[in-house]
file data-v4.txt (compact mmCIF, C-alpha atoms)
# COMPACT_ATOMS: atom_id res chain seq x y z
CA MET A 223 91.78 6.02 62.81
CA ASN A 224 90.24 7.33 65.99
CA ARG A 225 87.68 10.10 66.24
CA ARG A 226 88.42 10.73 69.90
CA ILE A 227 91.96 11.37 71.05
CA ASP A 228 93.34 11.53 74.60
CA ILE A 229 95.56 14.54 75.15
CA THR A 230 97.39 16.18 78.02
CA LEU A 231 98.49 19.77 77.57
CA THR A 232 99.32 22.82 79.64
CA VAL A 233 96.89 25.72 79.53
CA ASN A 234 97.85 28.91 81.35
CA GLY A 235 100.26 26.94 83.53
CA GLU A 236 97.81 24.17 84.48
CA ARG A 237 98.00 20.60 83.23
CA VAL A 238 94.79 19.55 81.51
CA SER A 239 93.88 16.01 80.39
CA ARG A 240 90.87 15.41 78.17
CA SER A 241 89.50 13.06 75.58
CA VAL A 242 88.68 15.32 72.62
CA ASP A 243 86.70 15.00 69.41
CA THR A 244 88.84 15.36 66.27
CA ARG A 245 86.36 17.94 64.93
CA LEU A 246 87.29 20.36 67.68
CA HIS A 247 89.60 23.29 67.01
CA LEU A 248 91.60 24.90 69.79
CA ILE A 249 89.22 27.82 70.32
CA ASP A 250 86.10 25.71 70.79
CA PHE A 251 88.13 23.54 73.16
CA LEU A 252 89.23 26.53 75.24
CA ARG A 253 85.79 28.12 75.27
CA MET A 254 83.48 25.14 75.60
CA GLU A 255 85.56 22.50 77.39
CA LEU A 256 87.62 24.75 79.66
CA GLY A 257 85.35 27.80 79.97
CA LEU A 258 88.11 30.17 78.86
CA THR A 259 86.01 32.56 76.81
CA GLY A 260 88.63 35.29 76.38
CA ALA A 261 89.72 34.17 72.93
CA HIS A 262 86.88 34.76 70.50
CA THR A 263 85.50 32.73 67.63
CA GLY A 264 85.23 34.98 64.60
CA CYS A 265 85.46 33.84 61.00
CA GLU A 266 86.59 30.29 61.89
CA HIS A 267 88.68 30.01 58.75
CA GLY A 268 91.87 31.81 59.63
CA VAL A 269 91.20 35.32 58.35
CA CYS A 270 90.05 37.59 61.19
CA GLY A 271 92.53 36.93 64.01
CA ALA A 272 89.95 37.16 66.85
CA CYS A 273 91.02 33.68 67.99
CA THR A 274 94.75 34.43 68.27
CA VAL A 275 96.32 32.61 71.24
CA ARG A 276 99.86 31.60 72.12
CA LEU A 277 100.91 28.02 71.35
CA ASP A 278 104.36 26.82 72.44
CA GLY A 279 105.41 30.46 72.73
CA ASP A 280 104.17 31.67 69.34
CA PRO A 281 100.91 33.42 68.41
CA VAL A 282 98.70 31.21 66.25
CA ARG A 283 95.16 31.13 64.85
CA GLY A 284 93.26 29.00 67.35
CA CYS A 285 90.68 28.11 64.69
CA LEU A 286 93.41 26.59 62.48
CA VAL A 287 94.76 24.26 65.14
CA MET A 288 93.30 20.80 65.71
CA VAL A 289 93.19 20.29 69.46
CA ALA A 290 93.62 16.52 69.01
CA SER A 291 97.14 17.28 67.76
CA LEU A 292 98.18 19.19 70.88
CA ASP A 293 99.32 16.45 73.25
CA GLY A 294 102.25 17.88 75.21
CA SER A 295 101.75 21.46 74.01
CA VAL A 296 101.72 24.68 76.01
CA VAL A 297 98.83 27.08 75.41
CA GLU A 298 98.49 30.60 76.80
CA THR A 299 95.31 32.62 76.42
CA ILE A 300 94.45 36.21 77.25
CA GLU A 301 93.38 34.99 80.71
CA GLY A 302 96.86 33.60 81.32
CA LEU A 303 98.64 36.63 79.92
CA SER A 304 96.49 38.86 82.14
CA ASP A 305 97.11 36.79 85.29
CA THR A 306 100.88 36.77 84.90
CA GLY A 307 100.99 40.53 84.45
CA GLU A 308 103.14 40.15 81.34
CA ILE A 309 101.05 42.60 79.33
CA ARG A 310 99.64 44.82 82.09
CA ASP A 311 101.24 47.91 80.53
CA LEU A 312 99.81 46.98 77.12
CA GLN A 313 96.32 46.53 78.54
CA GLU A 314 96.55 49.86 80.37
CA ALA A 315 97.70 51.56 77.16
CA PHE A 316 94.73 50.06 75.27
CA VAL A 317 92.42 51.63 77.87
CA ALA A 318 94.26 54.97 77.91
CA ARG A 319 94.25 55.23 74.10
CA ASN A 320 90.69 53.93 73.69
CA ALA A 321 92.09 51.12 71.53
CA ALA A 322 89.16 48.83 72.35
CA GLN A 323 85.61 49.70 71.37
CA CYS A 324 83.31 46.70 70.97
CA GLY A 325 86.16 44.52 72.29
CA TYR A 326 85.64 41.57 69.99
CA CYS A 327 89.11 41.74 68.43
CA THR A 328 90.86 42.89 71.60
CA PRO A 329 92.05 39.58 73.14
CA GLY A 330 93.53 38.46 69.82
CA MET A 331 94.93 41.91 69.16
CA LEU A 332 96.65 41.89 72.56
CA VAL A 333 98.25 38.48 71.95
CA THR A 334 99.60 39.74 68.61
CA ALA A 335 100.69 43.06 70.14
CA ALA A 336 102.51 41.17 72.91
CA ASP A 337 104.44 39.39 70.15
CA ILE A 338 105.58 42.76 68.76
CA LEU A 339 106.94 43.71 72.18
CA VAL A 340 109.08 40.56 72.19
CA GLU A 341 109.96 40.14 68.51
CA SER A 342 110.46 43.75 67.38
CA PRO A 343 111.03 46.12 70.30
CA GLU A 344 112.23 48.78 67.85
CA ALA A 345 109.14 48.53 65.60
CA THR A 346 108.03 51.67 63.76
CA ARG A 347 104.35 52.56 63.34
CA GLU A 348 104.52 51.04 59.86
CA GLU A 349 105.96 47.81 61.26
CA ILE A 350 103.31 47.72 64.01
CA ARG A 351 100.63 48.00 61.33
CA GLU A 352 102.25 45.22 59.33
CA HIS A 353 102.44 42.96 62.38
CA ILE A 354 98.78 43.42 63.29
CA SER A 355 97.63 43.18 59.66
CA GLY A 356 96.18 39.72 60.32
CA ASN A 357 93.97 40.95 63.17
CA TYR A 358 90.82 42.65 61.98
CA CYS A 359 89.24 45.48 63.97
CA ARG A 360 86.02 46.90 62.60
CA CYS A 361 85.63 49.71 65.17
CA THR A 362 88.77 51.69 65.81
CA GLY A 363 90.30 52.18 62.39
CA TYR A 364 93.50 50.83 63.99
CA GLN A 365 94.96 54.29 64.73
CA ALA A 366 94.34 54.02 68.47
CA ILE A 367 95.69 50.47 68.57
CA VAL A 368 98.92 51.54 66.85
CA ASP A 369 99.12 54.48 69.30
CA ALA A 370 98.80 52.12 72.27
CA VAL A 371 101.42 49.65 71.04
CA GLU A 372 103.78 52.49 70.16
CA ASP A 373 103.36 53.99 73.66
CA VAL A 374 104.30 50.69 75.29
CA LEU A 375 107.29 50.12 73.03
CA LYS A 376 108.59 53.59 73.89
CA ALA A 377 107.94 53.17 77.60
CA ARG A 378 109.65 49.78 77.72
CA ARG A 379 112.68 51.12 75.84
CA THR A 380 112.91 54.04 78.26
CA SER A 381 112.62 51.84 81.33
CA GLU A 382 115.27 49.45 79.97
CA ALA A 383 117.63 52.35 79.28
CA ALA A 384 117.14 53.70 82.80
CA MET B 226 81.22 26.02 59.81
CA LYS B 227 82.47 23.26 62.09
CA TRP B 228 84.79 20.63 60.65
CA PRO B 229 83.37 17.35 59.35
CA ALA B 230 83.76 14.15 61.36
CA MET B 231 87.09 12.50 60.62
CA GLY B 232 89.78 10.34 62.10
CA TYR B 233 93.15 11.46 63.35
CA ALA B 234 96.45 9.65 63.73
CA ARG B 235 99.80 10.97 64.79
CA VAL B 236 102.92 9.27 63.45
CA GLU B 237 106.44 9.63 64.79
CA SER B 238 108.49 8.18 61.91
CA LEU B 239 108.28 7.64 58.15
CA ASP B 240 107.97 3.87 58.65
CA GLU B 241 104.97 4.42 60.87
CA LEU B 242 103.54 6.84 58.29
CA TRP B 243 103.64 4.24 55.50
CA GLN B 244 101.79 1.75 57.71
CA VAL B 245 99.11 4.25 58.71
CA LEU B 246 98.71 5.47 55.11
CA ASP B 247 98.13 1.90 53.93
CA ALA B 248 95.55 1.26 56.63
CA ALA B 249 93.81 4.61 56.20
CA GLY B 250 93.06 4.34 52.50
CA PRO B 251 92.98 6.98 49.75
CA GLU B 252 90.52 9.37 51.43
CA ALA B 253 92.91 10.24 54.26
CA GLN B 254 95.10 13.31 53.98
CA ILE B 255 98.44 14.41 55.38
CA LEU B 256 98.31 17.15 58.05
CA ALA B 257 101.37 19.37 58.38
CA GLY B 258 100.89 22.99 59.53
CA GLY B 259 97.24 22.86 58.50
CA GLN B 260 96.98 26.54 57.65
CA SER B 261 95.27 25.87 54.32
CA LEU B 262 93.96 22.35 54.88
CA LEU B 263 92.07 23.10 58.11
CA ALA B 264 90.50 26.18 56.53
CA THR B 265 89.21 24.02 53.66
CA LEU B 266 87.54 21.81 56.27
CA SER B 267 85.70 24.87 57.59
CA PHE B 268 84.44 25.57 54.06
CA ARG B 269 83.74 21.85 53.52
CA LEU B 270 85.86 22.10 50.40
CA SER B 271 87.46 18.89 51.57
CA GLU B 272 86.14 16.08 53.74
CA PRO B 273 89.02 13.69 54.37
CA SER B 274 88.23 10.39 56.11
CA GLY B 275 91.09 11.20 58.43
CA LEU B 276 94.16 13.35 58.93
CA ILE B 277 97.61 11.86 59.46
CA ASP B 278 99.71 14.27 61.49
CA ILE B 279 103.34 14.25 60.32
CA THR B 280 104.53 17.20 62.42
CA ARG B 281 106.39 15.01 64.91
CA ILE B 282 108.55 13.14 62.39
CA PRO B 283 112.13 14.29 63.17
CA ALA B 284 113.39 13.32 59.68
CA LEU B 285 111.24 16.08 58.14
CA ARG B 286 112.80 18.86 60.23
CA GLY B 287 115.87 21.00 59.98
CA VAL B 288 117.83 23.34 57.73
CA SER B 289 121.37 22.41 56.70
CA VAL B 290 124.01 23.06 54.04
CA THR B 291 126.02 20.27 52.43
CA GLY B 292 128.39 21.13 49.61
CA GLY B 293 126.51 23.39 47.24
CA THR B 294 123.04 22.49 48.51
CA LEU B 295 120.78 24.05 51.10
CA ARG B 296 118.40 21.41 52.43
CA LEU B 297 115.11 22.53 53.92
CA GLY B 298 113.12 19.90 55.78
CA ALA B 299 109.48 19.80 54.72
CA LEU B 300 108.33 20.93 58.17
CA THR B 301 110.35 24.16 57.99
CA ARG B 302 107.84 26.86 58.90
CA HIS B 303 107.45 30.16 57.02
CA ALA B 304 108.56 31.91 60.22
CA ASP B 305 111.75 29.79 60.21
CA LEU B 306 112.51 30.83 56.62
CA GLY B 307 112.31 34.45 57.73
CA ARG B 308 114.87 34.16 60.51
CA ASP B 309 117.19 31.23 59.70
CA PRO B 310 120.74 32.53 59.05
CA LEU B 311 121.49 29.69 56.58
CA VAL B 312 118.42 30.61 54.52
CA ALA B 313 119.38 34.31 54.57
CA ALA B 314 122.91 33.51 53.43
CA HIS B 315 122.23 30.83 50.82
CA ALA B 316 118.71 31.47 49.49
CA PRO B 317 117.93 35.11 50.28
CA ILE B 318 114.78 35.08 48.12
CA LEU B 319 113.17 32.68 50.62
CA ALA B 320 113.96 34.99 53.53
CA GLN B 321 112.46 37.86 51.51
CA ALA B 322 109.39 35.78 50.68
CA ALA B 323 108.57 34.84 54.28
CA PRO B 324 107.09 38.18 55.40
CA LEU B 325 104.93 38.24 52.25
CA ILE B 326 103.20 34.99 53.22
CA ALA B 327 99.97 35.67 55.14
CA HIS B 328 100.41 36.98 58.71
CA PRO B 329 102.72 36.20 61.66
CA ALA B 330 100.27 33.79 63.33
CA ILE B 331 99.92 31.81 60.07
CA ARG B 332 103.68 31.83 59.44
CA ASN B 333 104.20 30.27 62.88
CA ARG B 334 102.31 27.13 61.78
CA GLY B 335 102.44 26.90 57.97
CA THR B 336 105.20 24.74 56.46
CA ILE B 337 107.03 24.80 53.13
CA GLY B 338 106.12 21.18 52.47
CA GLY B 339 102.45 22.00 52.90
CA SER B 340 102.61 25.07 50.69
CA LEU B 341 104.43 23.21 47.89
CA ALA B 342 102.11 20.19 48.08
CA LEU B 343 99.04 22.45 47.83
CA ALA B 344 100.41 24.40 44.82
CA ASP B 345 98.13 27.41 45.17
CA PRO B 346 98.53 29.47 41.98
CA ALA B 347 99.02 32.70 43.95
CA ALA B 348 101.46 31.28 46.53
CA GLU B 349 104.99 32.63 46.82
CA LEU B 350 106.99 29.49 47.59
CA PRO B 351 106.24 27.40 44.47
CA ALA B 352 107.40 30.33 42.30
CA CYS B 353 110.53 30.80 44.43
CA MET B 354 111.43 27.12 44.14
CA VAL B 355 111.02 27.15 40.35
CA ALA B 356 113.08 30.36 40.09
CA LEU B 357 115.79 28.80 42.28
CA ASP B 358 115.78 25.60 40.20
CA ALA B 359 115.25 23.71 43.45
CA THR B 360 114.64 19.98 43.69
CA ILE B 361 111.61 18.64 45.54
CA VAL B 362 112.46 15.47 47.46
CA VAL B 363 109.50 13.11 47.78
CA ALA B 364 109.29 9.75 49.49
CA SER B 365 106.95 6.78 49.67
CA ARG B 366 107.13 3.28 51.03
CA SER B 367 109.09 2.27 47.93
CA GLY B 368 111.81 4.90 48.36
CA GLU B 369 112.82 8.42 47.45
CA ARG B 370 112.34 10.41 44.26
CA ARG B 371 113.87 13.78 43.33
CA VAL B 372 111.81 16.06 41.09
CA PRO B 373 112.94 19.41 39.62
CA ALA B 374 110.55 22.12 40.87
CA ALA B 375 109.67 23.10 37.29
CA ASP B 376 108.35 19.56 36.69
CA PHE B 377 106.79 19.15 40.14
CA PHE B 378 104.17 21.86 39.63
CA GLN B 379 101.71 20.77 36.97
CA GLY B 380 98.91 23.30 37.17
CA LEU B 381 96.12 24.59 39.38
CA PHE B 382 96.53 22.87 42.79
CA THR B 383 98.17 19.99 40.90
CA THR B 384 101.60 18.47 41.50
CA ASP B 385 103.59 15.39 40.58
CA LEU B 386 102.94 13.90 44.06
CA GLN B 387 101.56 10.37 43.67
CA PRO B 388 99.22 8.61 46.11
CA GLY B 389 101.27 7.38 49.06
CA GLU B 390 103.99 10.00 48.58
CA ILE B 391 104.89 13.00 50.72
CA ILE B 392 107.38 15.82 50.34
CA THR B 393 110.26 15.23 52.76
CA ALA B 394 112.60 18.11 51.87
CA VAL B 395 113.60 20.70 49.30
CA ASP B 396 117.16 20.97 47.98
CA VAL B 397 118.12 24.47 46.88
CA PRO B 398 121.38 25.29 45.05
CA VAL B 399 123.21 27.79 47.26
CA ALA B 400 123.56 31.36 46.06
CA THR B 401 126.88 32.29 44.43
CA PRO B 402 128.49 35.76 44.52
CA ALA B 403 126.88 36.35 41.11
CA SER B 404 123.37 35.48 42.35
CA ARG B 405 120.77 38.20 42.40
CA GLN B 406 117.50 37.07 44.01
CA THR B 407 114.36 39.04 44.65
CA ILE B 408 110.62 38.63 45.10
CA VAL B 409 108.05 41.37 44.60
CA GLU B 410 104.26 41.30 44.58
CA VAL B 411 101.18 43.49 44.52
CA THR B 412 98.44 42.85 47.08
CA ARG B 413 95.35 44.81 47.99
CA ARG B 414 95.98 44.29 51.71
CA SER B 415 99.11 43.21 53.53
CA GLY B 416 99.20 39.42 53.81
CA ASP B 417 96.59 38.75 51.13
CA TYR B 418 97.31 36.45 48.25
CA ALA B 419 99.06 38.40 45.51
CA MET B 420 97.15 39.95 42.61
CA ALA B 421 100.44 39.34 40.80
CA GLY B 422 103.92 38.47 41.95
CA LEU B 423 107.38 37.79 40.56
CA ALA B 424 110.24 35.66 41.85
CA ALA B 425 113.44 36.48 39.96
CA VAL B 426 116.79 34.70 40.21
CA LEU B 427 119.66 35.95 38.06
CA ALA B 428 123.38 35.40 37.75
CA VAL B 429 125.06 38.74 37.01
CA THR B 430 128.80 39.24 36.47
CA ALA B 431 130.85 42.12 37.86
CA ASP B 432 130.35 44.09 34.60
CA ARG B 433 126.57 43.52 34.91
CA THR B 434 126.30 40.93 32.17
CA VAL B 435 123.39 38.59 32.87
CA ASP B 436 124.68 35.02 32.56
CA ALA B 437 121.38 33.42 33.52
CA ALA B 438 117.90 34.64 34.38
CA ARG B 439 114.77 32.92 35.62
CA LEU B 440 111.68 35.08 35.99
CA VAL B 441 108.75 33.18 37.53
CA PHE B 442 105.36 34.82 38.02
CA PHE B 443 102.59 33.82 40.42
CA GLY B 444 98.97 34.89 40.74
CA VAL B 445 98.73 35.38 36.97
CA GLY B 446 97.90 31.86 35.82
CA SER B 447 97.36 28.32 37.00
CA GLY B 448 100.59 28.13 38.97
CA ALA B 449 104.22 29.21 38.95
CA GLU B 450 104.63 30.55 35.41
CA ILE B 451 108.14 30.72 33.94
CA ALA B 452 108.46 33.80 31.70
CA ARG B 453 110.76 32.17 29.15
CA GLY B 454 110.80 34.99 26.61
CA ALA B 455 111.57 37.63 29.23
CA SER B 456 114.27 35.45 30.75
CA VAL B 457 115.88 34.94 27.32
CA ALA B 458 115.67 38.68 26.59
CA LEU B 459 117.81 39.37 29.66
CA THR B 460 120.38 36.61 29.18
CA GLY B 461 123.77 37.25 27.59
CA THR B 462 123.50 41.04 27.64
CA LYS B 463 124.34 43.79 30.10
CA LEU B 464 121.47 44.66 32.40
CA THR B 465 120.22 48.12 31.37
CA GLN B 466 116.95 50.02 31.23
CA ALA B 467 116.76 48.89 27.60
CA THR B 468 117.07 45.17 28.39
CA ILE B 469 114.50 45.51 31.16
CA ALA B 470 112.17 47.11 28.61
CA ALA B 471 112.86 44.22 26.24
CA ALA B 472 111.99 41.74 28.99
CA GLN B 473 108.76 43.65 29.70
CA GLY B 474 107.92 43.48 26.00
CA ALA B 475 108.55 39.74 25.88
CA LEU B 476 106.00 39.15 28.66
CA ALA B 477 103.21 39.57 26.07
CA GLY B 478 104.18 36.18 24.66
CA ASP B 479 105.00 34.58 28.01
CA LEU B 480 101.85 35.14 30.02
CA ASP B 481 98.21 34.45 29.25
CA PRO B 482 96.60 35.51 32.53
CA PRO B 483 92.96 34.72 33.23
CA GLY B 484 90.85 37.41 34.84
CA ASP B 485 89.96 36.95 38.50
CA LEU B 486 88.23 38.84 41.31
CA HIS B 487 90.96 41.48 41.19
CA GLY B 488 90.58 42.38 37.52
CA GLY B 489 90.90 41.28 33.93
CA PRO B 490 93.84 39.89 31.96
CA GLU B 491 95.04 43.36 30.94
CA LEU B 492 95.42 44.42 34.58
CA LYS B 493 97.49 41.31 35.27
CA ARG B 494 99.66 41.96 32.21
CA HIS B 495 100.21 45.53 33.36
CA LEU B 496 101.14 44.40 36.88
CA ALA B 497 103.59 41.85 35.45
CA ARG B 498 105.39 44.61 33.54
CA VAL B 499 105.44 46.85 36.63
CA LEU B 500 106.81 44.03 38.79
CA THR B 501 109.53 43.27 36.24
CA ALA B 502 110.84 46.84 36.52
CA ARG B 503 110.54 46.82 40.32
CA ALA B 504 112.40 43.52 40.61
CA LEU B 505 115.25 44.26 38.22
CA GLY B 506 115.70 48.00 38.81
CA PRO B 507 117.79 47.57 41.98
CA PHE B 508 120.31 45.43 40.01
CA LEU B 509 121.05 48.23 37.50
CA ALA B 510 124.22 50.31 37.66
CA PRO B 511 123.69 53.10 40.22
CA ALA B 512 123.78 55.79 37.52
CA GLU B 513 120.95 54.09 35.61
CA GLN B 514 118.87 53.53 38.73
CA ALA B 515 118.65 57.26 39.29
CA ALA B 516 117.49 57.82 35.72
call {"tool": "encode", "arguments": {"input": "data-v4.txt", "output": "C-alpha cells"}}
result
Amino acid sequence: MNRRIDITLTVNGERVSRSVDTRLHLIDFLRMELGLTGAHTGCEHGVCGACTVRLDGDPVRGCLVMVASLDGSVVETIEGLSDTGEIRDLQEAFVARNAAQCGYCTPGMLVTAADILVESPEATREEIREHISGNYCRCTGYQAIVDAVEDVLKARRTSEAA
Amino acid sequence: MKWPAMGYARVESLDELWQVLDAAGPEAQILAGGQSLLATLSFRLSEPSGLIDITRIPALRGVSVTGGTLRLGALTRHADLGRDPLVAAHAPILAQAAPLIAHPAIRNRGTIGGSLALADPAAELPACMVALDATIVVASRSGERRVPAADFFQGLFTTDLQPGEIITAVDVPVATPASRQTIVEVTRRSGDYAMAGLAAVLAVTADRTVDAARLVFFGVGSGAEIARGASVALTGTKLTQATIAAAQGALAGDLDPPGDLHGGPELKRHLARVLTARALGPFLAPAEQAA
C-alpha cells in the first residue's frame, strides 16, 4: 500500500491537485499545504470542534478525515463561506452579540451554526444548544453564541415571510 | 499527536477488497467513516500497517425494505438513520438513537458498520440491534455469513468478525403495529458516551398485554447486555406500574456493572432502574401515566 496518494479535490471552489502523505488529516492539509489557516487545530481527536469544515455539503471534524481519501471531494472552509457571503449575517450577529472572545472556536462554531440555518430554520434555543454541543467554547459560556444564532434565525424567517 | 506512518488503499468493489486484504496482511485495517478509528490513531492506541478505504463500494450502501426486512447497508451514516423515512417507519428506535450518537459533524461521517464492528460497550447501535433481534450480514472472500446480533457481540470491543471479514449490511425485522421501541440514556453532556442507556423493544397488544420484551442495556458492562430477568418479568402480563416495578427488581440479577469514571456499580444499578421506568412509562395506559 502507498504512503503517498495523488488526489484532486475542490477547495472553496478551486480545483487542487496534490500528492499527500497518508498521515495528514484534512486540517493540517488545509493549513500547511494550502495556507488556509481559518480552521483551527484543537484537540486533534474529534472532541473540540475547532476544526469543523464543510465536506461534500456537510459539517465534519477536519481532524477525523484522512485527506488521502478525499479524491473528488468538495471542501469549504470559513474562508470560502466568508467569500461567498453565505454567512455574512451570521458573522455580523457574532460581532453584534460579542459571541467571539479569543476566537479560537469561532470558525468551527460558524460552520456548525451555518448548518443550523439550513437544517433547522425553526430551531429553539434548546435545539441550537444541542446542535452546537460538539463545538467547545471556553470563553463565552455559549449564551452570546446562542443569542447570535437565534437572532439570525429570526431575521431570516422574517425576511422570507416578507 | 500526529498519526503514525501507514499505507492507504481505496477499493471500489468487494472483489477488489478481498485482493487488497490478502496483499496487505493482518496488520491492515478497514476504514469506513473513521470517526473512532482515526481518533485511536491520534492516541496511538492503534498503529495499523495500512487502512483500506471501503467507503466507495456501492454494494455497501443503501436502505431498502424487502418483505418483512429492513436492510441497512454497512455504510449507512448515523445522520442517514436520523432522517431516512424507511428507518423512521420500520425501525423507529434507530431514528431515535441517531441524535444520541455524538454530534452532528460526527454523525455525518460515522457509519453503522463501523460502530457495530468496533462494539464499544457504551455505544447505542449494538444495543439497538440486539434489542431489535437484527441480523448482522458479514462477508469474506469465501462468501456471506448471517449472524444474530446477540451472538455477534462477544464482549468488550469484541465481535464474531473473523480475519478477512467485513460487515456488509444489517437486516432488521420491520416494526409491526404491536411494536413499541424506545431508547433512553443518561449522559453528563450532550453527545457524550452514555453513563447508562437502555434500548427496549416490546410487542404490546391492544389491551396492553406484553407479548414479547427485549430490554438491552449499554454503558453498564462489557457490551450490549440483555436484561433477561426484567424482560421475562414483563412478558405475558399487562403493562402496569406494578410490572415495571417487577422488571426494575429483576435488574438486580441481570446486571453486574463495573464501576467506571462516572461512578460505582451502585450508581449504574440505580440509573438502570431509572431508565427502565423512563423507557416503559410512555407505554402505560394514559390513566396510569398520570399517576
call {"tool": "closest_atom_pairs", "arguments": {"input": "data-v4.txt", "of": "chain B", "to": "chain A", "cutoff": "9 Å", "atoms": "only C-alpha atoms", "output": "Markdown table"}}
result
| residue | atom | partner | partner_atom | distance |
| --- | --- | --- | --- | --- |
| B:Met226 | CA | A:Glu266 | CA | 7.2 |
| B:Lys227 | CA | A:Arg245 | CA | 7.2 |
| B:Trp228 | CA | A:Arg245 | CA | 5.3 |
| B:Pro229 | CA | A:Arg245 | CA | 6.4 |
| B:Ala230 | CA | A:Arg245 | CA | 5.8 |
| B:Met231 | CA | A:Arg225 | CA | 6.1 |
| B:Gly232 | CA | A:Arg225 | CA | 4.6 |
| B:Tyr233 | CA | A:Met223 | CA | 5.6 |
| B:Ala234 | CA | A:Met223 | CA | 6.0 |
| B:Arg235 | CA | A:Ser291 | CA | 7.5 |
| B:Val245 | CA | A:Met223 | CA | 8.6 |
| B:Ala248 | CA | A:Met223 | CA | 8.7 |
| B:Ala249 | CA | A:Met223 | CA | 7.1 |
| B:Gly258 | CA | A:Val287 | CA | 8.4 |
| B:Gly259 | CA | A:Leu286 | CA | 6.7 |
| B:Gln260 | CA | A:Leu286 | CA | 6.0 |
| B:Ser261 | CA | A:Leu286 | CA | 8.4 |
| B:Leu262 | CA | A:Leu286 | CA | 8.7 |
| B:Leu263 | CA | A:Leu286 | CA | 5.8 |
| B:Ala264 | CA | A:His267 | CA | 4.8 |
| B:Thr265 | CA | A:His267 | CA | 7.9 |
| B:Leu266 | CA | A:His267 | CA | 8.6 |
| B:Ser267 | CA | A:His267 | CA | 6.1 |
| B:Phe268 | CA | A:His267 | CA | 7.7 |
| B:Ser274 | CA | A:Met223 | CA | 8.8 |
| B:Gly275 | CA | A:Met223 | CA | 6.8 |
| B:Leu276 | CA | A:Met223 | CA | 8.6 |
| B:Ile277 | CA | A:Met223 | CA | 8.9 |
| B:Asp278 | CA | A:Ser291 | CA | 7.4 |
| B:Ala327 | CA | A:Gly356 | CA | 7.6 |
| B:His328 | CA | A:Gly356 | CA | 5.3 |
| B:Pro329 | CA | A:His353 | CA | 6.8 |
| B:Ala330 | CA | A:Val282 | CA | 4.2 |
| B:Ile331 | CA | A:Val282 | CA | 6.3 |
| B:Arg332 | CA | A:Val282 | CA | 8.5 |
| B:Asn333 | CA | A:Val282 | CA | 6.5 |
| B:Arg334 | CA | A:Val282 | CA | 7.0 |
| B:Arg414 | CA | A:Ser355 | CA | 8.2 |
| B:Ser415 | CA | A:Ser355 | CA | 6.3 |
| B:Gly416 | CA | A:Ser355 | CA | 7.1 |
call {"tool": "closest_residue", "arguments": {"input": "data-v4.txt", "among": "B:Leu295, B:Phe508, B:Thr465, B:Glu349", "to": "Val312 of chain B", "atoms": "only C-alpha atoms"}}
result
B:Leu295
call {"tool": "residues_around", "arguments": {"input": "data-v4.txt", "residues": "segment 377-384 of chain B", "least_positions_apart": "3", "cutoff": "7 Å", "atoms": "all atoms listed in the file", "output": "list in words"}}
result
Ala342, Leu343, Ala344, Asp345, Pro346, Val372, Pro373, Ala374, Ser447 and Gly448 of chain B
call {"tool": "atom_distance", "arguments": {"input": "data-v4.txt", "atom1": "atom CA of Ala321 of chain A", "atom2": "atom CA of Gly363 of chain A"}}
result
9.4 Å
call {"tool": "axis_aligned_box", "arguments": {"input": "data-v4.txt", "around": "segment 335-342 of chain A", "padding_each_side": "4 Å", "output": "JSON"}}
result
{"center_x": 105.6, "center_y": 41.6, "center_z": 70.1, "size_x": 17.8, "size_y": 12.4, "size_z": 13.5}
call {"tool": "residues_around", "arguments": {"input": "data-v4.txt", "residues": "Ile338 of chain A", "least_positions_apart": "2", "cutoff": "12 Å", "atoms": "only C-alpha atoms", "output": "PyMOL selection string"}}
result
(chain A and resi 280-281+309+312+331-336+340-347+349-354+368+371-372+374-375) or (chain B and resi 329-330)
call {"tool": "atom_distance", "arguments": {"input": "data-v4.txt", "atom1": "atom CA of Val409 of chain B", "atom2": "atom CA of Leu423 of chain B"}}
result
5.4 Å
call {"tool": "atom_distance", "arguments": {"input": "data-v4.txt", "atom1": "atom CA of Asp481 of chain B", "atom2": "atom CA of Val445 of chain B"}}
result
7.8 Å
call {"tool": "residues_around", "arguments": {"input": "data-v4.txt", "residues": "segment 298-301 of chain B", "least_positions_apart": "6", "cutoff": "12 Å", "atoms": "all atoms listed in the file", "output": "tab-separated table (two decimals) with C-alpha atoms, keeping the file's coordinate frame"}}
result
chain	number	residue	atom	x	y	z
B	256	LEU	CA	98.31	17.15	58.05
B	257	ALA	CA	101.37	19.37	58.38
B	258	GLY	CA	100.89	22.99	59.53
B	259	GLY	CA	97.24	22.86	58.50
B	278	ASP	CA	99.71	14.27	61.49
B	279	ILE	CA	103.34	14.25	60.32
B	280	THR	CA	104.53	17.20	62.42
B	281	ARG	CA	106.39	15.01	64.91
B	282	ILE	CA	108.55	13.14	62.39
B	283	PRO	CA	112.13	14.29	63.17
B	284	ALA	CA	113.39	13.32	59.68
B	285	LEU	CA	111.24	16.08	58.14
B	286	ARG	CA	112.80	18.86	60.23
B	287	GLY	CA	115.87	21.00	59.98
B	288	VAL	CA	117.83	23.34	57.73
B	289	SER	CA	121.37	22.41	56.70
B	290	VAL	CA	124.01	23.06	54.04
B	307	GLY	CA	112.31	34.45	57.73
B	308	ARG	CA	114.87	34.16	60.51
B	309	ASP	CA	117.19	31.23	59.70
B	312	VAL	CA	118.42	30.61	54.52
B	319	LEU	CA	113.17	32.68	50.62
B	323	ALA	CA	108.57	34.84	54.28
B	332	ARG	CA	103.68	31.83	59.44
B	333	ASN	CA	104.20	30.27	62.88
B	334	ARG	CA	102.31	27.13	61.78
B	335	GLY	CA	102.44	26.90	57.97
B	336	THR	CA	105.20	24.74	56.46
B	337	ILE	CA	107.03	24.80	53.13
B	338	GLY	CA	106.12	21.18	52.47
B	339	GLY	CA	102.45	22.00	52.90
B	340	SER	CA	102.61	25.07	50.69
B	341	LEU	CA	104.43	23.21	47.89
B	342	ALA	CA	102.11	20.19	48.08
B	361	ILE	CA	111.61	18.64	45.54
B	362	VAL	CA	112.46	15.47	47.46
B	363	VAL	CA	109.50	13.11	47.78
B	364	ALA	CA	109.29	9.75	49.49
B	391	ILE	CA	104.89	13.00	50.72
B	392	ILE	CA	107.38	15.82	50.34
B	393	THR	CA	110.26	15.23	52.76
B	394	ALA	CA	112.60	18.11	51.87
B	395	VAL	CA	113.60	20.70	49.30
B	396	ASP	CA	117.16	20.97	47.98
B	397	VAL	CA	118.12	24.47	46.88
call {"tool": "closest_residue", "arguments": {"input": "data-v4.txt", "among": "B:Leu509, B:Val399, B:Leu440, B:Ala375", "to": "Ser456 of chain B", "atoms": "only C-alpha atoms"}}
result
B:Leu440
